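Peer 1: One file is attached below, start-v5.cif, containing mmCIF, C-alpha atoms.
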```cif
data_coords
#
loop_
_atom_site.label_atom_id
_atom_site.label_comp_id
_atom_site.auth_asym_id
_atom_site.auth_seq_id
_atom_site.Cartn_x
_atom_site.Cartn_y
_atom_site.Cartn_z
CA MET A 446 15.54 -3.40 25.45
CA ALA A 447 13.97 -0.23 24.27
CA GLN A 448 11.87 -1.52 21.46
CA THR A 449 9.28 -4.20 21.44
CA ALA A 450 8.74 -6.85 18.84
CA SER A 451 5.46 -5.23 17.96
CA SER A 452 7.40 -2.36 16.47
CA LEU A 453 8.29 -4.73 13.67
CA TYR A 454 4.79 -4.06 12.46
CA THR A 455 5.62 -0.67 11.06
CA SER A 456 3.88 1.46 8.49
CA SER A 457 6.62 0.56 6.04
CA GLU A 458 5.58 -3.04 6.19
CA ALA A 459 3.80 -4.28 3.14
CA LEU A 460 0.42 -5.20 4.46
CA PRO A 461 -1.31 -8.41 3.63
CA GLY A 462 -3.88 -8.55 0.93
CA GLN A 463 -7.53 -9.33 1.40
CA GLY A 464 -6.97 -12.74 -0.15
CA GLU A 465 -4.86 -13.87 2.76
CA ASP A 466 -7.71 -13.33 5.18
CA GLN A 467 -10.49 -14.61 2.98
CA ALA A 468 -10.84 -18.05 4.50
CA LEU A 469 -10.76 -16.85 8.08
CA LEU A 470 -12.92 -13.85 7.32
CA ALA A 471 -15.63 -15.94 5.70
CA ARG A 472 -15.74 -18.16 8.73
CA ALA A 473 -15.67 -15.27 11.16
CA LEU A 474 -18.58 -13.68 9.32
CA ALA A 475 -20.39 -16.97 9.66
CA GLY A 476 -19.90 -16.77 13.40
CA ASP A 477 -16.74 -18.77 13.91
CA LEU A 478 -15.14 -17.22 16.99
CA GLN A 479 -11.89 -19.07 16.53
CA ALA A 480 -11.48 -17.63 13.05
CA PHE A 481 -11.96 -14.12 14.37
CA ASP A 482 -9.54 -14.85 17.17
CA LEU A 483 -6.81 -15.76 14.68
CA LEU A 484 -7.50 -12.58 12.73
CA ALA A 485 -7.33 -10.63 15.97
CA LEU A 486 -4.03 -12.28 16.83
CA LYS A 487 -2.73 -11.36 13.43
CA TYR A 488 -3.71 -7.71 13.48
CA ARG A 489 -3.34 -6.81 17.13
CA PRO A 490 0.30 -5.70 16.88
CA ARG A 491 -0.36 -3.59 13.78
CA LEU A 492 -3.35 -1.97 15.43
CA LYS A 493 -1.29 -1.28 18.50
CA GLN A 494 1.33 0.47 16.44
CA LEU A 495 -1.43 2.49 14.83
CA VAL A 496 -3.12 3.64 18.03
CA LEU A 497 0.21 4.37 19.70
CA ARG A 498 0.31 7.44 17.47
CA THR A 499 -2.72 8.71 19.32
CA VAL A 500 -2.59 7.39 22.86
CA ARG A 501 1.18 7.38 23.45
CA SER A 502 1.17 4.86 26.29
CA GLU A 503 1.59 1.14 25.66
CA ASP A 504 -0.92 0.22 28.34
CA ASP A 505 -3.47 2.58 26.89
CA ALA A 506 -2.76 1.22 23.42
CA ASP A 507 -3.37 -2.32 24.64
CA ASP A 508 -6.67 -1.23 26.14
CA VAL A 509 -7.71 0.60 23.00
CA VAL A 510 -6.85 -2.32 20.76
CA GLN A 511 -8.68 -4.74 23.01
CA ASP A 512 -11.71 -2.47 22.96
CA ALA A 513 -11.49 -2.02 19.21
CA LEU A 514 -11.31 -5.74 18.58
CA LEU A 515 -14.29 -6.38 20.80
CA ARG A 516 -16.25 -3.70 19.00
CA ALA A 517 -15.17 -5.12 15.68
CA TYR A 518 -16.34 -8.54 16.68
CA ARG A 519 -19.70 -7.21 17.78
CA ALA A 520 -20.04 -5.17 14.59
CA LEU A 521 -18.78 -7.90 12.30
CA GLY A 522 -22.17 -8.15 10.67
CA SER A 523 -21.77 -4.62 9.34
CA PHE A 524 -18.53 -5.45 7.55
CA ARG A 525 -19.52 -5.66 3.93
CA GLY A 526 -16.26 -6.76 2.44
CA ASP A 527 -15.98 -3.76 0.13
CA ALA A 528 -12.89 -2.66 2.03
CA GLN A 529 -10.02 -4.66 3.38
CA PHE A 530 -10.73 -6.19 6.74
CA TYR A 531 -7.66 -4.53 8.18
CA THR A 532 -8.80 -1.15 6.86
CA TRP A 533 -12.11 -1.67 8.58
CA LEU A 534 -10.35 -2.61 11.82
CA CYS A 535 -8.16 0.48 11.52
CA ARG A 536 -11.18 2.75 11.30
CA ILE A 537 -12.64 1.23 14.43
CA ALA A 538 -9.33 1.40 16.29
CA ILE A 539 -8.77 5.03 15.32
CA ASN A 540 -12.25 5.99 16.51
CA VAL A 541 -11.78 4.17 19.79
CA ALA A 542 -8.38 5.81 20.25
CA LYS A 543 -9.86 9.26 19.64
CA THR A 544 -12.61 8.58 22.12
CA HIS A 545 -10.03 7.33 24.56
CA VAL A 546 -8.15 10.60 24.33
CA THR A 547 -11.02 13.06 24.14
CA HIS A 548 -13.56 11.35 26.40
CA PRO A 549 -11.68 9.33 28.99
CA SER A 550 -14.90 8.65 30.87
CA ARG A 551 -16.26 6.70 27.91
CA ARG A 552 -13.40 4.28 27.85
CA VAL A 553 -14.31 0.66 27.71
CA MET A 554 -11.54 -0.91 29.64
CA SER A 555 -10.45 -4.47 29.81
CA ASP A 556 -12.18 -4.91 33.15
CA GLU A 557 -15.49 -4.54 31.36
CA PRO A 558 -17.31 -7.85 31.48
CA VAL A 559 -16.83 -9.67 28.23
CA ASP A 560 -19.74 -11.77 27.19
CA GLU A 561 -19.03 -15.42 26.75
CA ALA A 562 -19.68 -15.30 23.06
CA SER A 563 -16.77 -12.94 22.55
CA PRO A 564 -13.60 -14.45 21.23
CA GLN A 565 -10.60 -14.97 23.40
CA LEU A 566 -8.59 -11.92 22.48
CA THR A 567 -5.32 -12.77 24.08
CA GLN A 568 -2.16 -10.79 23.64
CA LEU A 569 0.07 -11.63 20.76
CA GLY A 570 3.17 -13.41 22.06
CA PRO A 571 6.27 -11.25 21.74
CA GLU A 572 5.12 -7.81 22.73
CA HIS A 573 7.58 -6.62 25.31
CA ASP A 574 11.26 -6.46 26.11
CA LEU A 575 12.44 -7.67 22.78
CA ALA A 576 14.41 -5.48 20.45
CA SER A 577 12.90 -5.59 17.01
CA GLU A 578 16.27 -4.90 15.49
CA GLN A 579 17.76 -7.92 17.15
CA LEU A 580 14.81 -10.01 16.12
CA GLN A 581 15.07 -8.84 12.56
CA ARG A 582 18.76 -9.54 12.50
CA VAL A 583 18.21 -13.09 13.71
CA ILE A 584 15.45 -13.63 11.19
CA PHE A 585 17.58 -12.43 8.31
CA GLN A 586 20.59 -14.40 9.41
CA ALA A 587 18.41 -17.48 9.47
CA LEU A 588 17.00 -16.58 6.09
CA GLU A 589 20.49 -16.29 4.64
CA ALA A 590 21.40 -19.66 6.10
CA LEU A 591 18.48 -21.43 4.43
CA PRO A 592 19.04 -23.69 1.46
CA GLU A 593 18.54 -21.68 -1.68
CA ALA A 594 15.31 -23.38 -2.73
CA LEU A 595 13.67 -22.64 0.61
CA ARG A 596 14.97 -19.10 0.73
CA THR A 597 13.80 -18.36 -2.78
CA ALA A 598 10.32 -19.72 -2.17
CA LEU A 599 9.85 -17.73 1.03
CA THR A 600 11.34 -14.60 -0.48
CA LEU A 601 9.05 -14.75 -3.48
CA ARG A 602 6.12 -15.12 -1.14
CA GLU A 603 7.00 -12.54 1.51
CA PHE A 604 8.96 -9.95 -0.46
CA GLU A 605 7.12 -10.13 -3.75
CA GLY A 606 3.71 -11.31 -2.62
CA HIS A 607 3.45 -14.06 -5.19
CA SER A 608 0.86 -16.80 -4.77
CA TYR A 609 1.92 -20.40 -4.44
CA GLU A 610 0.78 -21.01 -8.00
CA GLU A 611 2.92 -18.13 -9.30
CA ILE A 612 5.91 -19.31 -7.30
CA SER A 613 5.49 -22.81 -8.67
CA GLN A 614 5.66 -21.37 -12.17
CA LEU A 615 8.60 -19.15 -11.37
CA MET A 616 10.52 -21.99 -9.75
CA ASP A 617 9.24 -24.61 -12.16
CA THR A 618 8.16 -26.73 -9.23
CA PRO A 619 4.84 -28.30 -8.21
CA VAL A 620 2.64 -26.19 -5.95
CA GLY A 621 2.89 -28.84 -3.22
CA THR A 622 6.65 -28.46 -3.21
CA VAL A 623 6.38 -24.69 -2.97
CA ARG A 624 4.03 -25.05 -0.07
CA SER A 625 6.38 -27.46 1.66
CA ARG A 626 9.41 -25.26 1.05
CA ILE A 627 7.73 -22.18 2.44
CA PHE A 628 6.63 -24.15 5.47
CA ARG A 629 10.11 -25.54 6.07
CA ALA A 630 11.61 -22.08 5.67
CA ARG A 631 9.16 -20.69 8.21
CA GLU A 632 9.92 -23.51 10.60
CA ALA A 633 13.61 -22.71 10.36
CA LEU A 634 13.04 -19.02 11.03
CA ASP A 635 10.67 -19.87 13.85
CA ALA A 636 13.31 -22.09 15.41
CA ALA A 637 15.84 -19.29 15.06
CA ILE A 638 13.76 -16.75 16.96
CA ALA A 639 12.61 -19.22 19.61
CA PRO A 640 15.58 -18.60 21.95
CA LEU A 641 15.01 -14.84 21.75
CA LEU A 642 11.36 -15.20 22.55
CA GLU A 643 12.12 -17.62 25.33
CA GLU A 644 14.69 -15.26 26.73
CA SER A 645 12.09 -12.54 26.86
CA GLY A 646 9.72 -14.89 28.64
CA LEU A 647 7.19 -14.95 25.88
CA MET B 1320 8.39 -39.99 12.47
CA ASN B 1321 5.31 -41.64 13.94
CA ASP B 1322 1.72 -40.92 12.94
CA ASP B 1323 1.18 -38.28 15.59
CA GLN B 1324 4.27 -36.42 14.51
CA LYS B 1325 3.18 -36.63 10.90
CA ARG B 1326 -0.23 -35.27 11.80
CA GLU B 1327 1.39 -32.50 13.77
CA ALA B 1328 3.67 -31.61 10.87
CA ARG B 1329 0.72 -31.54 8.48
CA LEU B 1330 -1.14 -29.24 10.81
CA ARG B 1331 1.82 -26.88 11.02
CA GLN B 1332 2.11 -26.90 7.26
CA ALA B 1333 -1.59 -26.09 7.01
CA LEU B 1334 -1.04 -23.23 9.47
CA SER B 1335 1.77 -21.91 7.29
CA ALA B 1336 -0.47 -22.12 4.25
CA LEU B 1337 -3.21 -20.31 6.17
CA VAL B 1338 -0.79 -17.46 6.87
CA ASP B 1339 -0.54 -17.08 3.10
CA GLY B 1340 -4.26 -17.58 2.50
CA GLU B 1341 -3.46 -20.78 0.64
CA ALA B 1342 -4.93 -23.39 2.97
CA HIS B 1343 -7.67 -25.69 1.74
CA GLU B 1344 -11.09 -25.58 3.34
CA LEU B 1345 -10.55 -28.81 5.19
CA GLU B 1346 -7.21 -27.59 6.51
CA VAL B 1347 -8.77 -24.35 7.72
CA SER B 1348 -11.30 -26.36 9.66
CA GLN B 1349 -8.61 -28.55 11.13
CA VAL B 1350 -6.47 -25.59 12.16
CA LEU B 1351 -9.38 -23.78 13.74
CA ALA B 1352 -10.48 -26.88 15.61
CA LYS B 1353 -6.99 -27.43 16.87
CA ALA B 1354 -6.44 -23.79 17.76
CA LYS B 1355 -9.44 -23.82 20.04
CA GLY B 1356 -7.83 -25.88 22.74
CA HIS B 1357 -4.16 -25.56 21.99
CA GLU B 1358 -2.18 -22.48 22.86
CA GLU B 1359 0.73 -23.89 20.91
CA VAL B 1360 -1.19 -23.50 17.65
CA ARG B 1361 -2.12 -19.92 18.43
CA ASP B 1362 1.41 -19.11 19.53
CA ARG B 1363 2.82 -20.60 16.38
CA TRP B 1364 0.34 -18.61 14.31
CA ALA B 1365 1.48 -15.45 16.09
CA ARG B 1366 5.14 -16.30 15.52
CA TYR B 1367 4.58 -17.02 11.85
CA GLN B 1368 2.90 -13.63 11.58
CA LEU B 1369 5.82 -12.01 13.37
CA VAL B 1370 8.33 -13.56 10.97
CA SER B 1371 6.14 -12.56 8.06
CA ALA B 1372 5.95 -8.98 9.31
CA ALA B 1373 9.72 -8.80 9.72
CA LEU B 1374 10.32 -10.09 6.21
CA ARG B 1375 7.71 -7.82 4.67
CA ALA B 1376 9.03 -4.80 6.50
CA ARG B 1377 12.41 -5.46 4.95
CA GLY B 1378 10.87 -6.19 1.57
CA ALA B 1379 8.87 -2.96 1.68
CA ALA B 1380 11.95 -1.01 2.75
CA GLN B 1381 13.74 -2.37 -0.28
CA GLY B 1382 10.82 -1.35 -2.45
CA GLY B 1383 10.44 -4.79 -3.88
CA THR B 1384 6.92 -5.71 -2.87
CA ALA B 1385 3.94 -6.28 -5.02
CA MET B 1386 1.44 -6.77 -2.26
CA ASP B 1387 -2.13 -5.55 -2.31
CA ALA B 1388 -2.71 -1.94 -1.51
CA SER B 1389 -3.72 -0.74 1.90
CA PRO B 1390 -4.58 2.75 3.10
CA ALA B 1391 -1.19 3.19 4.66
CA ARG B 1392 0.60 2.07 1.53
CA GLU B 1393 -1.64 4.13 -0.72
CA ALA B 1394 -0.94 7.19 1.38
CA THR B 1395 2.77 6.50 1.24
CA THR B 1396 2.65 6.04 -2.49
CA LEU B 1397 0.70 9.19 -3.04
CA SER B 1398 2.83 11.29 -0.75
CA ALA B 1399 5.93 9.99 -2.43
CA ALA B 1400 4.58 10.72 -5.88
CA ALA B 1401 3.03 14.10 -5.25
CA PRO B 1402 6.13 16.27 -4.79
CA LEU B 1403 7.65 14.98 -8.02
CA ARG B 1404 11.02 16.11 -9.18
CA PRO B 1405 12.29 19.52 -8.27
CA GLY B 1406 13.25 21.77 -11.11
CA PHE B 1407 10.45 20.61 -13.37
CA GLY B 1408 11.00 20.37 -17.07
CA TRP B 1409 9.79 23.69 -18.31
CA GLY B 1410 12.59 23.47 -20.80
CA SER B 1411 10.79 20.73 -22.69
CA PHE B 1412 7.51 22.56 -22.59
CA ALA B 1413 9.09 25.81 -23.66
CA LEU B 1414 10.83 24.03 -26.51
CA ALA B 1415 7.59 22.46 -27.70
CA ALA B 1416 5.79 25.79 -27.37
CA SER B 1417 8.53 27.53 -29.32
CA LEU B 1418 8.30 24.92 -32.05
CA THR B 1419 4.56 25.31 -32.13
CA LEU B 1420 4.70 29.07 -32.36
CA ALA B 1421 7.34 28.85 -35.04
CA LEU B 1422 5.05 26.52 -36.92
CA VAL B 1423 2.19 28.96 -36.61
CA VAL B 1424 4.35 31.77 -37.87
CA MET B 1425 5.31 29.58 -40.79
CA LEU B 1426 1.69 28.71 -41.48
CA ARG B 1427 0.74 32.34 -41.37
CA ALA B 1428 3.45 33.07 -43.88
CA LEU B 1429 2.13 30.28 -46.11
CA GLY B 1430 -1.33 31.70 -46.07
CA PRO B 1431 -4.54 31.97 -44.06
CA GLY B 1432 -6.91 29.11 -43.56
CA THR B 1433 -4.26 26.44 -43.10
CA ASP B 1434 -5.25 24.02 -40.36
CA PRO B 1435 -2.26 23.49 -38.04
CA ALA B 1436 -3.79 20.55 -36.18
CA PRO B 1437 -2.38 17.67 -38.27
CA MET B 1438 1.12 19.09 -38.10
CA LEU B 1439 0.80 19.76 -34.39
CA ALA B 1440 -0.25 16.19 -33.77
CA ALA B 1441 3.10 15.03 -35.08
CA LEU B 1442 4.99 17.12 -32.55
CA THR B 1443 4.38 14.87 -29.57
CA PRO B 1444 6.53 11.77 -29.50
CA THR B 1445 6.84 11.38 -25.72
CA PRO B 1446 4.38 9.34 -23.65
CA ALA B 1447 1.92 11.10 -21.38
CA PRO B 1448 2.76 11.24 -17.69
CA SER B 1449 0.44 9.02 -15.73
CA LEU B 1450 0.11 11.11 -12.59
CA ALA B 1451 -3.27 12.50 -11.73
CA VAL B 1452 -2.61 15.98 -10.44
CA PRO B 1453 -5.10 18.78 -9.90
CA LEU B 1454 -5.31 21.22 -12.75
CA GLN B 1455 -3.34 24.37 -12.39
CA PRO B 1456 -4.33 27.44 -14.35
CA VAL B 1457 -1.69 28.87 -16.61
CA ALA B 1458 -2.05 32.41 -17.80
CA LEU B 1459 -1.85 32.90 -21.52
CA GLY B 1460 -1.70 36.62 -21.84
CA GLY B 1461 -1.67 38.70 -25.01
CA GLU B 1462 1.09 41.24 -25.17
CA ARG B 1463 -0.30 43.10 -28.10
CA SER B 1464 -1.65 46.57 -27.78
CA SER B 1465 -4.81 45.59 -29.62
CA GLY B 1466 -6.89 42.47 -30.16
CA PRO B 1467 -8.82 40.09 -27.93
CA ALA B 1468 -8.31 39.90 -24.20
CA ALA B 1469 -5.96 37.45 -22.57
CA VAL B 1470 -6.91 33.81 -22.69
CA GLN B 1471 -6.92 31.56 -19.63
CA ILE B 1472 -6.19 27.92 -20.36
CA THR B 1473 -5.58 25.31 -17.74
CA MET B 1474 -2.64 23.05 -18.01
CA PRO B 1475 -2.01 20.04 -15.74
CA ARG B 1476 0.87 20.76 -13.47
CA ALA B 1477 2.09 17.21 -14.04
CA TRP B 1478 3.14 18.15 -17.56
CA ALA B 1479 5.44 20.71 -16.24
CA ALA B 1480 6.52 18.57 -13.31
CA SER B 1481 7.22 15.48 -15.34
CA GLY B 1482 9.23 17.27 -17.92
CA GLU B 1483 7.50 15.32 -20.65
CA LEU B 1484 4.88 16.23 -23.17
CA GLY B 1485 2.53 13.46 -24.12
CA PRO B 1486 -0.63 13.09 -26.19
CA GLY B 1487 -2.57 15.07 -23.61
CA ALA B 1488 -0.19 17.95 -24.01
CA ALA B 1489 -0.51 17.67 -27.78
CA ARG B 1490 -4.27 17.97 -27.60
CA HIS B 1491 -3.91 20.92 -25.32
CA LEU B 1492 -1.47 22.59 -27.61
CA GLN B 1493 -3.85 21.98 -30.50
CA THR B 1494 -6.58 23.73 -28.53
CA LEU B 1495 -4.18 26.51 -27.82
CA MET B 1496 -3.20 26.88 -31.44
CA ARG B 1497 -6.78 26.80 -32.65
CA ARG B 1498 -7.52 29.57 -30.19
CA HIS B 1499 -4.48 31.37 -31.47
CA ALA B 1500 -5.72 31.03 -35.04
CA GLU B 1501 -9.15 32.34 -34.04
CA LEU B 1502 -7.61 35.33 -32.36
CA ASN B 1503 -5.57 36.06 -35.43
CA LEU B 1504 -8.60 35.81 -37.65
CA LEU B 1505 -10.22 38.47 -35.51
CA ASP B 1506 -7.10 40.54 -35.75
CA SER B 1507 -7.24 42.37 -39.06
CA ALA B 1508 -3.72 43.70 -38.63
CA GLY B 1509 -2.33 40.25 -39.40
CA SER B 1510 0.71 40.83 -37.29
CA LEU B 1511 3.41 38.21 -36.93
CA VAL B 1512 3.53 38.87 -33.21
CA PRO B 1513 2.06 35.81 -31.48
CA ALA B 1514 -1.51 36.30 -30.32
CA VAL B 1515 -0.81 34.35 -27.18
CA ARG B 1516 2.19 33.91 -25.00
CA LEU B 1517 2.90 31.00 -22.76
CA VAL B 1518 3.57 32.10 -19.22
CA ALA B 1519 5.25 29.82 -16.69
CA HIS B 1520 3.82 29.55 -13.19
CA SER B 1521 6.73 31.50 -11.85
CA GLU B 1522 6.15 34.29 -14.36
CA ALA B 1523 2.44 34.63 -13.71
CA PRO B 1524 1.50 37.62 -11.62
#
```
As structure tokens, what does this structure read like?
Peer 2:
Amino acid sequence: MAQTASSLYTSSEALPGQGEDQALLARALAGDLQAFDLLALKYRPRLKQLVLRTVRSEDDADDVVQDALLRAYRALGSFRGDAQFYTWLCRIAINVAKTHVTHPSRRVMSDEPVDEASPQLTQLGPEHDLASEQLQRVIFQALEALPEALRTALTLREFEGHSYEEISQLMDTPVGTVRSRIFRAREALDAAIAPLLEESGL
Amino acid sequence: MNDDQKREARLRQALSALVDGEAHELEVSQVLAKAKGHEEVRDRWARYQLVSAALRARGAAQGGTAMDASPAREATTLSAAAPLRPGFGWGSFALAASLTLALVVMLRALGPGTDPAPMLAALTPTPAPSLAVPLQPVALGGERSSGPAAVQITMPRAWAASGELGPGAARHLQTLMRRHAELNLLDSAGSLVPAVRLVAHSEAP
């Protein structure tokens, strides 16, 4: 398969708002490594897509993203919150990618010793050998197959970016129900892509 | 469903809520504690993000998102907005200018000293375009053999590009007409030939 699942994270994707990251970000800033690790897991594929415009090779992109995330973690204290966290990560990743291209000798590769305080920056699951088109098709087939209430709740959240409170008003349903519906919808989509991910060994 | 399964389901629901930034503090703590030693939680988080990305990519492609801005999206928005429509609406501007000049001619016929501003203000029913575009100079050159030199007034390109004349354009036209009246006051010949002439970008030398 020519494309990887990470190519789902395209520039056309509507990016998450700062609010989504707030809880994890606050904890990461307070020194919670696990919180930063989840943020890193979330943004790694997007960052990889970004740096692939500069470094061209997937292996190099992985190295650059790993380096960028480590630098971001070490520099987390300098993040002031006046920009989106992802924007801040992008700046770091772009700088690392430029350095990677223009000064190969300055590369900080993954074999650099990582201090124990650094978060576990593991690869995001489905990165390789999975066609994004196929994945998208499966996801949308599963979405279409959902009961209407679940599909509507997830669609309002993911397509329109509404908060749970807004969705509860739009659907005239308690917030707890909205939350449950979105969860059940996600579970269904997750179950639908599981065979594909398993097939790809991820 | 036994207690363990219920706990597991609650944790997964909390993880889903965390994806949306809607998890409660206690749930965030529980998820983070669980994620520390359990690859399954991290994998599920990654898969939820993957599904979310796929859905948002489709949503963005359909132009139906209302998510927060990001640099990439801002750039896309700006680049999409900047070119505007081809064949911009000079017709509307020319029509308004013609009306304005006709009004001035009429005022001149009625007599000197008449302030055209109130009447000009009524000539602008359309809303102002909201695009912020760099100012583009427009040459307003006198064609008369005598009188003051040509006047240079800047006009936002967006007016021309949008094909609409709004309150901003009205104010600008008022400025233009006041200048026109001043020029005519200086011109003792009192000619009916307009003191200024609107020149389109394409006509400017």
Peer 1: Just give me the gap between atom CA of A:Ala480 and atom CA of A:Leu580 in Å, one decimal is fine.
Peer 2: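 Atom-to-atom, atom CA of A:Ala480 and atom CA of A:Leu580 are spaced 27.5 Å apart.
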Peer 1: Any chance you could resolve the PyMOL selection byres ((chain A and resi 513-516) around 8) against this file and give the residues as a list in words?
Peer 2: Ala485, Val509, Val510, Gln511, Asp512, Ala517, Tyr518, Arg519, Ala520, Leu534, Ile537, Ala538, Val541, Ser563 and Leu566 of chain A
Peer 1: Once you have the residues from the selection above, write them out as a compact mmCIF listing (two decimals), in the coordinates of the input, restricted to C-alpha atoms.
Peer 2:
```
# COMPACT_ATOMS: atom_id res chain seq x y z
CA ALA A 485 -7.33 -10.63 15.97
CA VAL A 509 -7.71 0.60 23.00
CA VAL A 510 -6.85 -2.32 20.76
CA GLN A 511 -8.68 -4.74 23.01
CA ASP A 512 -11.71 -2.47 22.96
CA ALA A 517 -15.17 -5.12 15.68
CA TYR A 518 -16.34 -8.54 16.68
CA ARG A 519 -19.70 -7.21 17.78
CA ALA A 520 -20.04 -5.17 14.59
CA LEU A 534 -10.35 -2.61 11.82
CA ILE A 537 -12.64 1.23 14.43
CA ALA A 538 -9.33 1.40 16.29
CA VAL A 541 -11.78 4.17 19.79
CA SER A 563 -16.77 -12.94 22.55
CA LEU A 566 -8.59 -11.92 22.48
```
Peer 1: Hey, which of A:Ser613, A:Gln494, A:Gln529, A:Thr499 ends up closest to A:Thr597? Count all atoms listed in the file.
Peer 2: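 Residue with the minimum atom-to-atom distance to A:Thr597: A:Ser613.
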Peer 1: Can you translate the PyMOL selection byres ((chain A and resi 582) around 12) into the concrete residues it hits in this file, as a list in words?
Peer 2: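 Matching residues under the PyMOL selection byres ((chain A and resi 582) around 12) are Leu453, Ala576, Ser577, Glu578, Gln579, Leu580, Gln581, Val583, Ile584, Phe585, Gln586, Ala587, Leu588, Glu589, Leu634, Ala637, Ile638 and Leu641 of chain A; Val1370, Ala1373, Leu1374 and Arg1377 of chain B.
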Peer 1: Determine, counting all atoms listed in the file, which protein, DNA and RNA residues have an atom within 8 Å of an atom of stretch 1350-1355 of chain B; residues of the same chain fewer than 5 positions away are not included. Present the result as a list in words.
Peer 2: Gln479 and Ala480 of chain A; Leu1330, Ala1333, Leu1334, Val1360 and Arg1361 of chain B
Peer 1: So what do you get for atom CA of B:Trp1364 versus atom CA of B:Val1338, distance-wise?
Peer 2: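 Computing it gives 7.6 Å between the two atoms.
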Peer 1: Given the file above and the PyMOL selection byres ((chain A and resi 625) around 12), which residues are selected, and can you give them as JSON, numbers by chain?
Peer 2: {"A": [594, 595, 598, 599, 609, 613, 618, 619, 620, 621, 622, 623, 624, 626, 627, 628, 629, 630, 631, 632], "B": [1328, 1329, 1330, 1331, 1332, 1333, 1334, 1335, 1336, 1341]}
Peer 1: Would you mind telling me which residue in B:Gly1356, B:Leu1369, B:Ala1376, B:His1343 lies nearest to chain A when using all atoms listed in the file?
Peer 2: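 That would be B:Ala1376, the residue with the smallest distance to chain A.
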Peer 1: Could you state the separation of atom CA of A:Arg596 and atom CA of B:Gln1368 in Å, given to one decimal place?
Peer 2: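 Result for atom CA of A:Arg596 versus atom CA of B:Gln1368: 17.1 Å, one decimal.
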